[in-house]
Amino acid sequence: MSSGLDNAPDEIKLAVDLIYLLESNQVDPKIALEAIKIVKSDLESKLEQAE
């Protein structure tokens, strides 16, 4: 039986994996959002450097 995620775009698959990781580790949503802001900033910086 195949999951509905099998044909999903990679960003959806990654988002589901990250949500599962956060929830299974009982990470406080406020802490998770602050961490995501840091990760977003880091990734944006890496993209700018690559251009």
# chains A, B, ... in the order shown; residues from 1 in each chain; ligands from 1
call {"tool": "residues_around", "arguments": {"residues": "region 4-7 of chain A", "least_positions_apart": "6", "cutoff": "12 Å", "atoms": "only C-alpha atoms", "output": "number ranges by chain"}}
result
A: 13-17
call {"tool": "write_last_selection", "arguments": {"atoms": "N, CA, C and O atoms", "output": "short mmCIF file (atom, residue, chain, number, x, y, z; two decimals), in the first residue's frame"}}
result
data_model
loop_
_atom_site.label_atom_id
_atom_site.label_comp_id
_atom_site.auth_asym_id
_atom_site.auth_seq_id
_atom_site.Cartn_x
_atom_site.Cartn_y
_atom_site.Cartn_z
N LYS A 13 7.24 16.43 1.66
CA LYS A 13 7.79 15.27 2.38
C LYS A 13 8.69 15.73 3.52
O LYS A 13 8.61 15.20 4.63
N LEU A 14 9.53 16.71 3.26
CA LEU A 14 10.43 17.22 4.29
C LEU A 14 9.64 17.89 5.41
O LEU A 14 9.93 17.68 6.60
N ALA A 15 8.63 18.66 5.07
CA ALA A 15 7.80 19.32 6.08
C ALA A 15 7.13 18.29 6.98
O ALA A 15 7.12 18.45 8.21
N VAL A 16 6.60 17.24 6.40
CA VAL A 16 5.95 16.19 7.19
C VAL A 16 6.97 15.53 8.11
O VAL A 16 6.69 15.28 9.29
N ASP A 17 8.16 15.27 7.59
CA ASP A 17 9.21 14.67 8.42
C ASP A 17 9.59 15.58 9.59
O ASP A 17 9.78 15.12 10.72
#
call {"tool": "residues_around", "arguments": {"residues": "Leu18 (chain A)", "least_positions_apart": "5", "cutoff": "12 Å", "atoms": "only C-alpha atoms", "output": "JSON, numbers by chain"}}
result
{"A": [11, 12, 13, 23, 24, 25, 27, 32, 33, 36]}
call {"tool": "atom_distance", "arguments": {"atom1": "CA of Leu21 (chain A)", "atom2": "CA of Glu44 (chain A)"}}
result
22.3 Å
call {"tool": "select_by_dssp", "arguments": {"residues": "chain A", "states": "helix (DSSP H, G or I)", "output": "PyMOL selection string"}}
result
chain A and resi 10-24+29-50
call {"tool": "atom_distance", "arguments": {"atom1": "CA of Ser3 (chain A)", "atom2": "CA of Val39 (chain A)"}}
result
28.2 Å
